[in-house]
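Structure file final.pdb (PDB, C-alpha atoms and all ligand atoms) follows.
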ATOM      1  CA  MET A  71      97.287  59.560 -32.183
ATOM      2  CA  ALA A  72      96.697  57.868 -35.583
ATOM      3  CA  ARG A  73      96.323  54.106 -35.565
ATOM      4  CA  GLU A  74      97.209  51.595 -38.265
ATOM      5  CA  SER A  75      96.584  47.953 -39.002
ATOM      6  CA  LEU A  76      99.088  45.567 -37.384
ATOM      7  CA  ARG A  77      98.307  42.981 -40.063
ATOM      8  CA  VAL A  78      99.378  45.382 -42.813
ATOM      9  CA  ALA A  79     102.577  46.280 -40.918
ATOM     10  CA  LEU A  80     103.349  42.556 -40.537
ATOM     11  CA  MET A  81     102.759  41.863 -44.225
ATOM     12  CA  GLU A  82     105.005  44.755 -45.246
ATOM     13  CA  ALA A  83     107.710  43.592 -42.821
ATOM     14  CA  THR A  84     107.511  39.987 -44.078
ATOM     15  CA  SER A  85     107.959  41.181 -47.630
ATOM     16  CA  THR A  86     110.976  43.363 -46.654
ATOM     17  CA  LEU A  87     112.614  40.419 -44.879
ATOM     18  CA  THR A  88     111.860  38.061 -47.778
ATOM     19  CA  GLU A  89     113.560  40.444 -50.198
ATOM     20  CA  ALA A  90     116.564  40.642 -47.850
ATOM     21  CA  GLY A  91     116.946  36.832 -47.971
ATOM     22  CA  VAL A  92     116.066  36.201 -44.308
ATOM     23  CA  GLY A  93     115.383  32.466 -43.821
ATOM     24  CA  SER A  94     112.156  32.738 -41.807
ATOM     25  CA  PRO A  95     110.704  36.144 -42.797
ATOM     26  CA  GLN A  96     107.176  35.772 -41.398
ATOM     27  CA  ALA A  97     108.304  34.285 -38.087
ATOM     28  CA  ASP A  98     110.930  37.010 -37.641
ATOM     29  CA  ALA A  99     108.429  39.778 -38.543
ATOM     30  CA  GLU A 100     106.010  38.407 -35.950
ATOM     31  CA  LEU A 101     108.655  37.859 -33.279
ATOM     32  CA  LEU A 102     109.966  41.412 -33.650
ATOM     33  CA  ALA A 103     106.421  42.802 -33.460
ATOM     34  CA  ALA A 104     105.736  40.735 -30.355
ATOM     35  CA  HIS A 105     109.039  41.902 -28.826
ATOM     36  CA  LEU A 106     108.210  45.566 -29.481
ATOM     37  CA  LEU A 107     104.654  45.200 -28.172
ATOM     38  CA  GLY A 108     105.857  43.281 -25.120
ATOM     39  CA  VAL A 109     103.452  40.383 -25.783
ATOM     40  CA  SER A 110     103.872  36.778 -26.844
ATOM     41  CA  ARG A 111     103.690  35.989 -30.576
ATOM     42  CA  THR A 112     100.419  34.104 -30.104
ATOM     43  CA  ARG A 113      98.701  37.299 -28.857
ATOM     44  CA  LEU A 114      99.389  39.369 -31.984
ATOM     45  CA  GLY A 115      96.004  38.362 -33.445
ATOM     46  CA  LEU A 116      94.312  40.103 -30.512
ATOM     47  CA  MET A 117      95.840  43.474 -31.429
ATOM     48  CA  PRO A 118      94.304  44.670 -34.719
ATOM     49  CA  LEU A 119      95.493  48.286 -34.437
ATOM     50  CA  VAL A 120      98.802  49.865 -33.424
ATOM     51  CA  GLU A 121      99.878  53.509 -33.137
ATOM     52  CA  SER A 122     101.709  55.115 -36.054
ATOM     53  CA  ASP A 123     104.733  55.862 -33.837
ATOM     54  CA  TRP A 124     104.902  52.179 -33.041
ATOM     55  CA  VAL A 125     104.880  51.308 -36.761
ATOM     56  CA  ALA A 126     107.782  53.717 -37.355
ATOM     57  CA  GLU A 127     109.802  52.069 -34.577
ATOM     58  CA  TYR A 128     108.874  48.609 -35.872
ATOM     59  CA  ARG A 129     110.111  49.534 -39.369
ATOM     60  CA  THR A 130     113.476  50.517 -37.829
ATOM     61  CA  LEU A 131     113.800  47.054 -36.234
ATOM     62  CA  ILE A 132     112.789  45.377 -39.496
ATOM     63  CA  ALA A 133     115.378  47.434 -41.392
ATOM     64  CA  ARG A 134     118.074  46.172 -38.974
ATOM     65  CA  ARG A 135     116.937  42.585 -39.450
ATOM     66  CA  ALA A 136     116.969  43.162 -43.242
ATOM     67  CA  GLU A 137     120.675  44.045 -42.808
ATOM     68  CA  ARG A 138     120.941  40.437 -41.589
ATOM     69  CA  ILE A 139     121.614  41.360 -37.969
ATOM     70  CA  PRO A 140     120.486  38.262 -36.025
ATOM     71  CA  LEU A 141     116.993  38.471 -34.561
ATOM     72  CA  GLN A 142     118.446  37.631 -31.144
ATOM     73  CA  HIS A 143     120.890  40.564 -31.303
ATOM     74  CA  ILE A 144     117.949  42.889 -31.940
ATOM     75  CA  THR A 145     115.808  41.498 -29.122
ATOM     76  CA  GLY A 146     118.876  40.879 -26.919
ATOM     77  CA  VAL A 147     117.660  37.400 -25.955
ATOM     78  CA  ALA A 148     118.047  33.825 -27.272
ATOM     79  CA  HIS A 149     115.820  30.935 -26.252
ATOM     80  CA  VAL A 150     116.605  27.226 -26.043
ATOM     81  CA  GLY A 151     113.604  25.288 -24.821
ATOM     82  CA  ASP A 152     112.254  27.240 -21.861
ATOM     83  CA  VAL A 153     115.605  28.839 -21.043
ATOM     84  CA  SER A 154     116.435  32.389 -22.127
ATOM     85  CA  VAL A 155     119.874  34.001 -22.094
ATOM     86  CA  ARG A 156     121.108  37.452 -23.036
ATOM     87  CA  VAL A 157     123.203  37.618 -26.196
ATOM     88  CA  GLY A 158     124.836  40.282 -28.328
ATOM     89  CA  PRO A 159     128.134  41.127 -30.017
ATOM     90  CA  GLY A 160     131.000  38.797 -29.096
ATOM     91  CA  VAL A 161     129.008  35.709 -28.176
ATOM     92  CA  PHE A 162     127.617  32.778 -30.182
ATOM     93  CA  THR A 163     123.825  32.853 -30.500
ATOM     94  CA  PRO A 164     122.439  29.585 -29.064
ATOM     95  CA  ARG A 165     120.424  27.538 -31.573
ATOM     96  CA  PRO A 166     117.097  25.768 -30.882
ATOM     97  CA  GLU A 167     118.734  22.477 -31.958
ATOM     98  CA  THR A 168     120.673  22.487 -28.686
ATOM     99  CA  GLU A 169     117.414  21.517 -27.006
ATOM    100  CA  VAL A 170     118.131  17.925 -28.078
ATOM    101  CA  LEU A 171     121.470  17.971 -26.231
ATOM    102  CA  LEU A 172     119.759  19.397 -23.154
ATOM    103  CA  ALA A 173     116.974  16.813 -23.114
ATOM    104  CA  TRP A 174     119.470  13.974 -23.534
ATOM    105  CA  SER A 175     121.755  15.403 -20.835
ATOM    106  CA  LEU A 176     118.975  15.700 -18.255
ATOM    107  CA  ASP A 177     117.895  12.117 -18.974
ATOM    108  CA  ALA A 178     121.470  10.869 -18.544
ATOM    109  CA  ILE A 179     121.735  12.268 -14.995
ATOM    110  CA  VAL A 180     118.133  11.696 -13.920
ATOM    111  CA  ALA A 181     119.121   9.006 -11.405
ATOM    112  CA  VAL A 182     122.325  10.684 -10.197
ATOM    113  CA  LYS A 183     121.991  12.590  -6.932
ATOM    114  CA  SER A 184     123.798  15.965  -6.828
ATOM    115  CA  PRO A 185     125.580  15.363 -10.156
ATOM    116  CA  LEU A 186     128.733  17.198 -11.156
ATOM    117  CA  VAL A 187     128.324  18.601 -14.668
ATOM    118  CA  VAL A 188     130.955  20.382 -16.779
ATOM    119  CA  ASP A 189     129.893  22.418 -19.805
ATOM    120  CA  LEU A 190     132.904  23.038 -22.041
ATOM    121  CA  CYS A 191     132.868  25.931 -24.586
ATOM    122  CA  THR A 192     129.932  27.474 -22.742
ATOM    123  CA  GLY A 193     129.535  30.696 -24.791
ATOM    124  CA  SER A 194     126.483  32.489 -23.349
ATOM    125  CA  GLY A 195     126.275  29.761 -20.695
ATOM    126  CA  VAL A 196     122.964  28.494 -22.041
ATOM    127  CA  ILE A 197     123.637  24.756 -21.545
ATOM    128  CA  ALA A 198     125.081  25.213 -18.049
ATOM    129  CA  ILE A 199     122.178  27.434 -16.997
ATOM    130  CA  ALA A 200     119.528  25.114 -18.454
ATOM    131  CA  ILE A 201     121.010  22.167 -16.533
ATOM    132  CA  ALA A 202     121.338  24.179 -13.319
ATOM    133  CA  LYS A 203     117.718  25.303 -13.673
ATOM    134  CA  ALA A 204     116.385  21.792 -14.244
ATOM    135  CA  ARG A 205     118.632  20.262 -11.577
ATOM    136  CA  PRO A 206     119.066  22.647  -8.635
ATOM    137  CA  ASP A 207     120.967  19.877  -6.818
ATOM    138  CA  ALA A 208     123.657  19.770  -9.534
ATOM    139  CA  ARG A 209     127.080  21.376  -9.239
ATOM    140  CA  VAL A 210     127.681  22.976 -12.630
ATOM    141  CA  VAL A 211     131.022  24.216 -13.957
ATOM    142  CA  ALA A 212     131.209  26.157 -17.228
ATOM    143  CA  VAL A 213     134.333  26.959 -19.258
ATOM    144  CA  GLU A 214     134.892  29.609 -21.934
ATOM    145  CA  ARG A 215     138.065  31.013 -23.534
ATOM    146  CA  SER A 216     136.853  34.170 -25.266
ATOM    147  CA  THR A 217     136.854  37.137 -22.884
ATOM    148  CA  GLN A 218     133.862  38.682 -24.643
ATOM    149  CA  ALA A 219     131.787  35.487 -24.494
ATOM    150  CA  LEU A 220     132.902  34.920 -20.905
ATOM    151  CA  ALA A 221     131.410  38.296 -19.924
ATOM    152  CA  TRP A 222     128.035  37.195 -21.369
ATOM    153  CA  ALA A 223     128.270  33.827 -19.578
ATOM    154  CA  ARG A 224     129.053  35.493 -16.257
ATOM    155  CA  ARG A 225     126.205  37.979 -16.702
ATOM    156  CA  ASN A 226     123.709  35.224 -17.583
ATOM    157  CA  ALA A 227     124.912  33.056 -14.701
ATOM    158  CA  ALA A 228     124.593  36.014 -12.309
ATOM    159  CA  GLU A 229     121.011  36.658 -13.470
ATOM    160  CA  HIS A 230     120.199  32.976 -13.033
ATOM    161  CA  GLU A 231     121.571  33.157  -9.494
ATOM    162  CA  ALA A 232     119.774  36.445  -8.740
ATOM    163  CA  ALA A 233     116.522  34.723  -9.779
ATOM    164  CA  GLY A 234     117.122  32.099  -7.088
ATOM    165  CA  GLY A 235     119.101  29.577  -9.173
ATOM    166  CA  THR A 236     122.063  27.673  -7.787
ATOM    167  CA  PRO A 237     125.421  29.354  -8.503
ATOM    168  CA  ILE A 238     127.335  28.219 -11.589
ATOM    169  CA  ASN A 239     131.108  28.058 -11.417
ATOM    170  CA  VAL A 240     132.156  29.927 -14.597
ATOM    171  CA  ARG A 241     135.854  29.527 -15.425
ATOM    172  CA  GLY A 242     137.689  31.606 -18.003
ATOM    173  CA  GLY A 243     140.332  29.777 -20.043
ATOM    174  CA  ASP A 244     141.189  27.298 -22.772
ATOM    175  CA  VAL A 245     139.566  23.875 -22.379
ATOM    176  CA  LEU A 246     142.873  22.404 -23.563
ATOM    177  CA  ASP A 247     144.771  23.977 -20.652
ATOM    178  CA  GLU A 248     145.320  20.992 -18.342
ATOM    179  CA  ARG A 249     145.492  23.182 -15.214
ATOM    180  CA  LEU A 250     142.046  24.700 -15.694
ATOM    181  CA  LEU A 251     139.988  21.646 -14.704
ATOM    182  CA  MET A 252     142.633  19.527 -12.977
ATOM    183  CA  ASP A 253     140.682  19.587  -9.685
ATOM    184  CA  LEU A 254     137.756  17.805 -11.382
ATOM    185  CA  GLU A 255     139.637  14.949 -13.091
ATOM    186  CA  GLY A 256     137.857  11.611 -12.806
ATOM    187  CA  THR A 257     134.945  13.056 -10.811
ATOM    188  CA  VAL A 258     132.447  14.381 -13.369
ATOM    189  CA  ASP A 259     129.060  12.741 -14.020
ATOM    190  CA  LEU A 260     128.340  14.541 -17.291
ATOM    191  CA  VAL A 261     130.450  16.541 -19.747
ATOM    192  CA  THR A 262     128.491  18.593 -22.275
ATOM    193  CA  VAL A 263     129.955  20.509 -25.198
ATOM    194  CA  ASN A 264     128.771  22.342 -28.262
ATOM    195  CA  PRO A 265     132.190  23.141 -29.741
ATOM    196  CA  PRO A 266     133.169  25.061 -32.874
ATOM    197  CA  TYR A 267     132.944  22.398 -35.610
ATOM    198  CA  VAL A 268     132.295  23.979 -39.003
ATOM    199  CA  PRO A 269     135.066  23.264 -41.537
ATOM    200  CA  THR A 270     136.950  26.545 -42.088
ATOM    201  CA  GLY A 271     135.987  28.115 -45.413
ATOM    202  CA  THR A 272     132.438  26.734 -45.431
ATOM    203  CA  PRO A 273     130.067  29.440 -46.731
ATOM    204  CA  VAL A 274     127.686  30.557 -43.980
ATOM    205  CA  GLU A 275     124.738  32.980 -43.764
ATOM    206  CA  PRO A 276     125.567  36.672 -43.056
ATOM    207  CA  GLU A 277     124.084  36.348 -39.542
ATOM    208  CA  VAL A 278     126.802  33.790 -38.774
ATOM    209  CA  ALA A 279     129.678  35.268 -40.813
ATOM    210  CA  ASP A 280     129.244  38.791 -39.450
ATOM    211  CA  HIS A 281     127.867  38.226 -35.948
ATOM    212  CA  ASP A 282     128.874  34.841 -34.506
ATOM    213  CA  PRO A 283     132.550  34.978 -33.431
ATOM    214  CA  ALA A 284     134.691  32.958 -35.900
ATOM    215  CA  GLU A 285     136.322  31.043 -33.020
ATOM    216  CA  ALA A 286     132.848  29.863 -31.967
ATOM    217  CA  VAL A 287     132.055  28.450 -35.389
ATOM    218  CA  PHE A 288     135.096  27.337 -37.400
ATOM    219  CA  ALA A 289     137.587  24.640 -36.448
ATOM    220  CA  GLY A 290     140.108  23.843 -39.173
ATOM    221  CA  PRO A 291     139.826  22.170 -42.583
ATOM    222  CA  GLU A 292     137.586  19.306 -41.392
ATOM    223  CA  GLY A 293     136.019  21.135 -38.471
ATOM    224  CA  LEU A 294     137.699  18.656 -36.122
ATOM    225  CA  ASP A 295     140.553  20.738 -34.712
ATOM    226  CA  LEU A 296     138.922  21.146 -31.300
ATOM    227  CA  ILE A 297     136.688  18.047 -31.338
ATOM    228  CA  LYS A 298     139.695  15.679 -31.453
ATOM    229  CA  PRO A 299     141.466  16.953 -28.311
ATOM    230  CA  LEU A 300     138.115  17.527 -26.573
ATOM    231  CA  ILE A 301     137.467  13.791 -26.557
ATOM    232  CA  THR A 302     140.556  13.341 -24.387
ATOM    233  CA  VAL A 303     139.578  16.275 -22.145
ATOM    234  CA  ALA A 304     136.111  14.799 -21.576
ATOM    235  CA  ALA A 305     137.446  11.283 -20.936
ATOM    236  CA  THR A 306     139.903  12.687 -18.383
ATOM    237  CA  LEU A 307     137.208  14.600 -16.520
ATOM    238  CA  LEU A 308     134.599  11.831 -16.381
ATOM    239  CA  LYS A 309     134.269   9.340 -13.577
ATOM    240  CA  PRO A 310     133.756   5.704 -14.648
ATOM    241  CA  GLY A 311     130.124   5.461 -15.776
ATOM    242  CA  GLY A 312     129.979   9.226 -16.489
ATOM    243  CA  TRP A 313     128.459  10.506 -19.734
ATOM    244  CA  PHE A 314     129.810  12.642 -22.559
ATOM    245  CA  VAL A 315     127.564  14.490 -25.022
ATOM    246  CA  MET A 316     128.805  16.633 -27.901
ATOM    247  CA  GLU A 317     127.172  18.421 -30.825
ATOM    248  CA  HIS A 318     128.871  18.251 -34.228
ATOM    249  CA  ASP A 319     128.337  19.237 -37.860
ATOM    250  CA  ASP A 320     125.839  17.231 -39.898
ATOM    251  CA  THR A 321     128.724  16.232 -42.202
ATOM    252  CA  GLN A 322     130.495  14.572 -39.234
ATOM    253  CA  GLY A 323     127.811  11.976 -38.384
ATOM    254  CA  VAL A 324     130.179   9.104 -39.222
ATOM    255  CA  THR A 325     133.594  10.635 -38.464
ATOM    256  CA  VAL A 326     132.909  11.875 -34.939
ATOM    257  CA  PRO A 327     131.225   8.729 -33.523
ATOM    258  CA  LYS A 328     134.133   6.780 -35.075
ATOM    259  CA  LEU A 329     136.679   8.978 -33.263
ATOM    260  CA  LEU A 330     134.933   8.272 -29.952
ATOM    261  CA  ALA A 331     134.535   4.568 -30.666
ATOM    262  CA  GLY A 332     138.296   4.396 -31.282
ATOM    263  CA  ARG A 333     138.979   5.251 -27.643
ATOM    264  CA  LYS A 334     139.133   2.290 -25.214
ATOM    265  CA  ILE A 335     138.150   4.595 -22.383
ATOM    266  CA  LEU A 336     134.746   5.280 -23.964
ATOM    267  CA  ALA A 337     131.868   2.856 -24.560
ATOM    268  CA  ASP A 338     128.198   2.961 -25.631
ATOM    269  CA  VAL A 339     129.020   5.420 -28.422
ATOM    270  CA  GLU A 340     125.823   6.523 -30.129
ATOM    271  CA  GLY A 341     125.014   9.079 -32.843
ATOM    272  CA  HIS A 342     121.817  11.168 -32.591
ATOM    273  CA  VAL A 343     119.799  13.307 -35.012
ATOM    274  CA  ASP A 344     118.588  16.870 -34.339
ATOM    275  CA  LEU A 345     115.044  18.317 -34.575
ATOM    276  CA  ASN A 346     115.383  18.278 -38.383
ATOM    277  CA  GLY A 347     116.512  14.644 -38.544
ATOM    278  CA  ARG A 348     120.170  15.452 -39.298
ATOM    279  CA  PRO A 349     123.061  13.682 -37.505
ATOM    280  CA  ARG A 350     124.230  16.371 -35.088
ATOM    281  CA  MET A 351     125.156  14.821 -31.745
ATOM    282  CA  VAL A 352     127.192  12.010 -30.243
ATOM    283  CA  THR A 353     127.077  10.473 -26.790
ATOM    284  CA  ALA A 354     129.343   8.023 -24.978
ATOM    285  CA  ARG A 355     130.072   6.667 -21.540
ATOM    286  CA  ARG A 356     133.405   6.447 -19.758
ATOM    287  CA  VAL A 357     134.483   2.955 -18.747
ATOM    288  CA  ALA A 358     136.618   2.019 -15.751
ATOM    289  CA  LEU A 359     140.002   2.260 -17.470
ATOM    290  CA  ALA A 360     142.831   4.635 -16.574
ATOM    291  CA  PRO A 361     143.098   7.382 -19.215
ATOM    292  CA  ARG A 362     145.965   6.955 -21.656
TER     293      ARG A 362
HETATM  294  C1  LIG A 401     129.475  26.859 -30.869
HETATM  295  S1  LIG A 401     129.826  27.944 -29.528
HETATM  296  C2  LIG A 401     128.788  27.191 -28.307
HETATM  297  C3  LIG A 401     128.340  28.107 -27.219
HETATM  298  C4  LIG A 401     127.254  27.497 -26.296
HETATM  299  N1  LIG A 401     127.716  26.279 -25.666
HETATM  300  C5  LIG A 401     125.972  27.228 -27.072
HETATM  301  O1  LIG A 401     125.632  26.058 -27.299
HETATM  302  O2  LIG A 401     125.297  28.182 -27.462
HETATM  303  C6  LIG A 401     131.474  27.404 -29.074
HETATM  304  C7  LIG A 401     132.127  28.204 -27.947
HETATM  305  O3  LIG A 401     133.415  27.624 -27.673
HETATM  306  C8  LIG A 401     134.339  28.654 -27.341
HETATM  307  N2  LIG A 401     135.686  28.095 -27.545
HETATM  308  C9  LIG A 401     136.309  27.833 -28.717
HETATM  309  N3  LIG A 401     137.517  27.290 -28.495
HETATM  310  C10 LIG A 401     137.660  27.189 -27.150
HETATM  311  C11 LIG A 401     138.677  26.683 -26.301
HETATM  312  N4  LIG A 401     139.810  26.162 -26.796
HETATM  313  N5  LIG A 401     138.477  26.736 -24.965
HETATM  314  C12 LIG A 401     137.336  27.259 -24.436
HETATM  315  N6  LIG A 401     136.329  27.740 -25.196
HETATM  316  C13 LIG A 401     136.487  27.706 -26.537
HETATM  317  C14 LIG A 401     133.959  29.778 -28.277
HETATM  318  O4  LIG A 401     134.442  31.012 -27.834
HETATM  319  C15 LIG A 401     132.421  29.677 -28.241
HETATM  320  O5  LIG A 401     131.897  30.475 -27.220
END

Take the structure in this file and express it as structure tokens.
Amino acid sequence: MARESLRVALMEATSTLTEAGVGSPQADAELLAAHLLGVSRTRLGLMPLVESDWVAEYRTLIARRAERIPLQHITGVAHVGDVSVRVGPGVFTPRPETEVLLAWSLDAIVAVKSPLVVDLCTGSGVIAIAIAKARPDARVVAVERSTQALAWARRNAAEHEAAGGTPINVRGGDVLDERLLMDLEGTVDLVTVNPPYVPTGTPVEPEVADHDPAEAVFAGPEGLDLIKPLITVAATLLKPGGWFVMEHDDTQGVTVPKLLAGRKILADVEGHVDLNGRPRMVTARRVALAPR
């Protein structure tokens, strides 16, 4: 079997992806090569030669990525920190930025024994699973409305459980349906949510426009259509002293903390920046007041 240089294949792939407008062409070329070789990206340098059949298959993957199919849909997996979940059509691809929400969330409940955590708008279930993995003593409930996304969440939660993780209670339904979480009102230690928050009509990359479900991304003219009622949902679920953490758009770094600060039931409202220094997250604590 003829063998070819991996370095040359990588250079050709990087140039194809650059021409296609992919944001991180070299990283994606390397990650797809590593995926196809079944090795980590850091080991590519140890493999100078690859078989010609492999190069042909690699070019097929690169051609799909050049069509702006998300990298994670091609590999079938998305990573946030050290947690991996399966993704594909019908579910939002988790972003690395969510690592900040995870780190903050785990800190918030570090001193709470057997915490009750609710992850609203769970999508693939990545946040719920990451928390359940880091805190096997936690009881984690995850909520998702889209039937397609829910199937991914259930599958990821089942794999987590099959690998020895504690079961996650995945509930299908609208977070604004009062009946769905009524049993948890006033008892939750931490509510996490990465909701749809992009103002409708905002231009987005083809990977998002064509592959992330619209209901996972867009939320009305200001991107606040779900965020506003979610604040009430979170406040209702939390026990006094419980924490709320929510991601938002980088254009909402003033608006969203202000919305939370306007609620008497919430205190310690704080805005946070993501890995790129942009305002992307807000946190708050429930005080001992009856919800309005
Ligand atoms: C931005 S995605 C976040 C997914 C996941 N938490 C993550 O960080 O990767 C938002 C999710 O909220 C779901 N969603 C939107 N509106 C909802 C609603 N009213 N009730 C429940 N889920 C909703 C969408 O289907 C989508 O899966």

Using all atoms listed in the file for the distances, tell me which of A:Gly235, A:Pro266, A:Pro185, A:Pro206 is nearest to ligand LIG 401 (chain A). A:Pro266

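The space separating atom CA of A:Gly234 from atom CA of A:Ala204 comes to 12.6 Å.
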
Of the residues A:Glu317, A:Glu137, A:Glu255, A:Glu89, which is the one nearest to ligand LIG 401 (chain A), using only C-alpha atoms and all ligand atoms? A:Glu317

Wanna dump the chain A-ligand LIG 401 (chain A) contacts at 7 Å for me, each residue with its shortest atom pair and the distance in Å to one decimal, counting all atoms listed in the file, ordered by chain and number, as a tab-separated table?
residue	atom	partner	partner_atom	distance
A:Val161	CA	A:LIG401	O5	6.1
A:Phe162	CA	A:LIG401	S1	5.4
A:Thr163	CA	A:LIG401	O2	5.8
A:Pro164	CA	A:LIG401	O2	3.6
A:Arg165	CA	A:LIG401	O2	6.4
A:Thr168	CA	A:LIG401	O1	6.3
A:Leu190	CA	A:LIG401	C12	6.6
A:Cys191	CA	A:LIG401	O3	3.6
A:Thr192	CA	A:LIG401	N1	3.9
A:Gly193	CA	A:LIG401	O5	3.4
A:Ser194	CA	A:LIG401	C4	5.8
A:Gly195	CA	A:LIG401	C4	6.1
A:Val196	CA	A:LIG401	O2	5.9
A:Ile197	CA	A:LIG401	N1	6.0
A:Val213	CA	A:LIG401	C12	6.0
A:Glu214	CA	A:LIG401	N6	4.0
A:Arg215	CA	A:LIG401	C12	3.9
A:Ser216	CA	A:LIG401	O4	4.7
A:Ala219	CA	A:LIG401	O5	5.7
A:Gly243	CA	A:LIG401	C12	5.9
A:Asp244	CA	A:LIG401	N5	3.5
A:Val245	CA	A:LIG401	N5	4.0
A:Leu246	CA	A:LIG401	N4	5.8
A:Val263	CA	A:LIG401	N1	6.2
A:Asn264	CA	A:LIG401	N1	4.8
A:Pro265	CA	A:LIG401	C6	4.4
A:Pro266	CA	A:LIG401	C1	4.6
A:Glu285	CA	A:LIG401	C9	5.4
A:Ala286	CA	A:LIG401	C15	3.8
A:Val287	CA	A:LIG401	C1	5.4
A:Leu296	CA	A:LIG401	N4	6.8

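What the PyMOL selection byres (((chain A and resi 82) around 12) and not hetatm) grabs from this file is Ser75, Leu76, Arg77, Val78, Ala79, Leu80, Met81, Ala83, Thr84, Ser85, Thr86, Leu87, Thr88, Glu89, Pro95, Gln96, Ala99, Glu100, Val125, Tyr128, Arg129, Ile132 and Ala133 of chain A.
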
Mind giving me the straight-line distance from atom CA of A:His318 to atom CA of A:Asp207 in Å, one decimal? 28.6 Å

Once the PyMOL selection byres (((chain A and resi 143) around 10) and not hetatm) has been evaluated on this model, what residues remain selected, and can you format them as a PyMOL selection string? chain A and resi 134-135+139-142+144-148+156-159+161+163+277+281

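Here atom CA of A:Asp338 and atom CA of A:Ala358 stand 13.0 Å from one another.
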
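Of the listed residues A:Ala284, A:Ile297, A:Val180, A:Val155, the one whose atoms come nearest to A:Arg225 is A:Val155, with distances taken using all atoms listed in the file.
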
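When the distance limit is 10 Å and only C-alpha atoms are what count, the residues near A:Val170, minus those fewer than 6 positions from it on the same chain, are A:Val150, A:Gly151, A:Glu317, A:His342, A:Val343, A:Asp344, A:Leu345, A:Arg350, A:Met351.
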
May I have the protein, DNA and RNA residues with any atom at most 6 Å from the point (101.6, 37.3, -32.3), counting all atoms listed in the file, written as a list in words?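 Nearby residues: Glu100, Ala104, Ser110, Arg111, Thr112, Arg113, Leu114 and Gly115 of chain A.
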
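Selection by the PyMOL selection byres (((chain A and resi 311) around 12) and not hetatm) on the present file picks out Ala178, Ile179, Val182, Gly256, Thr257, Val258, Asp259, Leu260, Val261, Ala305, Leu307, Leu308, Lys309, Pro310, Gly312, Trp313, Phe314, Ile335, Leu336, Ala337, Asp338, Ala354, Arg355, Arg356, Val357, Ala358 and Leu359 of chain A.
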
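Closest approach to A:Leu300 among A:Ser122, A:Thr272, A:Thr262, A:Asn239 is made by A:Thr262 (distances from all atoms listed in the file).
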
Could you check the closest approach to A:Leu176 for each of A:Ala103, A:Arg138, A:Thr270, A:Val315 and tell me which residue wins, using all atoms listed in the file? A:Val315

Can you rebuild stretch 245-254 of chain A with N, CA, C and O atoms and give it as a PDB file, in the coordinates of the input?
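Everything below was put into selection20.pdb:
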ATOM      1  N   VAL A 245     139.915  25.223 -22.848  1.00  0.00           N
ATOM      2  CA  VAL A 245     139.566  23.875 -22.379  1.00  0.00           C
ATOM      3  C   VAL A 245     140.747  22.910 -22.525  1.00  0.00           C
ATOM      4  O   VAL A 245     140.768  21.850 -21.893  1.00  0.00           O
ATOM      5  N   LEU A 246     141.724  23.294 -23.364  1.00  0.00           N
ATOM      6  CA  LEU A 246     142.873  22.404 -23.563  1.00  0.00           C
ATOM      7  C   LEU A 246     144.004  22.692 -22.556  1.00  0.00           C
ATOM      8  O   LEU A 246     145.021  22.008 -22.569  1.00  0.00           O
ATOM      9  N   ASP A 247     143.786  23.673 -21.696  1.00  0.00           N
ATOM     10  CA  ASP A 247     144.771  23.977 -20.652  1.00  0.00           C
ATOM     11  C   ASP A 247     144.543  22.997 -19.493  1.00  0.00           C
ATOM     12  O   ASP A 247     143.546  23.090 -18.775  1.00  0.00           O
ATOM     13  N   GLU A 248     145.491  22.083 -19.327  1.00  0.00           N
ATOM     14  CA  GLU A 248     145.320  20.992 -18.342  1.00  0.00           C
ATOM     15  C   GLU A 248     145.050  21.495 -16.926  1.00  0.00           C
ATOM     16  O   GLU A 248     144.366  20.841 -16.140  1.00  0.00           O
ATOM     17  N   ARG A 249     145.606  22.690 -16.595  1.00  0.00           N
ATOM     18  CA  ARG A 249     145.492  23.182 -15.214  1.00  0.00           C
ATOM     19  C   ARG A 249     144.082  23.646 -14.860  1.00  0.00           C
ATOM     20  O   ARG A 249     143.674  23.633 -13.716  1.00  0.00           O
ATOM     21  N   LEU A 250     143.333  24.024 -15.920  1.00  0.00           N
ATOM     22  CA  LEU A 250     142.046  24.700 -15.694  1.00  0.00           C
ATOM     23  C   LEU A 250     141.019  23.829 -14.966  1.00  0.00           C
ATOM     24  O   LEU A 250     140.237  24.313 -14.163  1.00  0.00           O
ATOM     25  N   LEU A 251     141.014  22.531 -15.275  1.00  0.00           N
ATOM     26  CA  LEU A 251     139.988  21.646 -14.704  1.00  0.00           C
ATOM     27  C   LEU A 251     140.611  20.471 -13.949  1.00  0.00           C
ATOM     28  O   LEU A 251     139.942  19.471 -13.681  1.00  0.00           O
ATOM     29  N   MET A 252     141.887  20.626 -13.617  1.00  0.00           N
ATOM     30  CA  MET A 252     142.633  19.527 -12.977  1.00  0.00           C
ATOM     31  C   MET A 252     141.932  19.025 -11.705  1.00  0.00           C
ATOM     32  O   MET A 252     141.922  17.833 -11.420  1.00  0.00           O
ATOM     33  N   ASP A 253     141.331  19.936 -10.955  1.00  0.00           N
ATOM     34  CA  ASP A 253     140.682  19.587  -9.685  1.00  0.00           C
ATOM     35  C   ASP A 253     139.470  18.678  -9.887  1.00  0.00           C
ATOM     36  O   ASP A 253     138.983  18.060  -8.941  1.00  0.00           O
ATOM     37  N   LEU A 254     138.981  18.577 -11.135  1.00  0.00           N
ATOM     38  CA  LEU A 254     137.756  17.805 -11.382  1.00  0.00           C
ATOM     39  C   LEU A 254     138.029  16.450 -12.043  1.00  0.00           C
ATOM     40  O   LEU A 254     137.091  15.676 -12.284  1.00  0.00           O
TER      41      LEU A 254
END
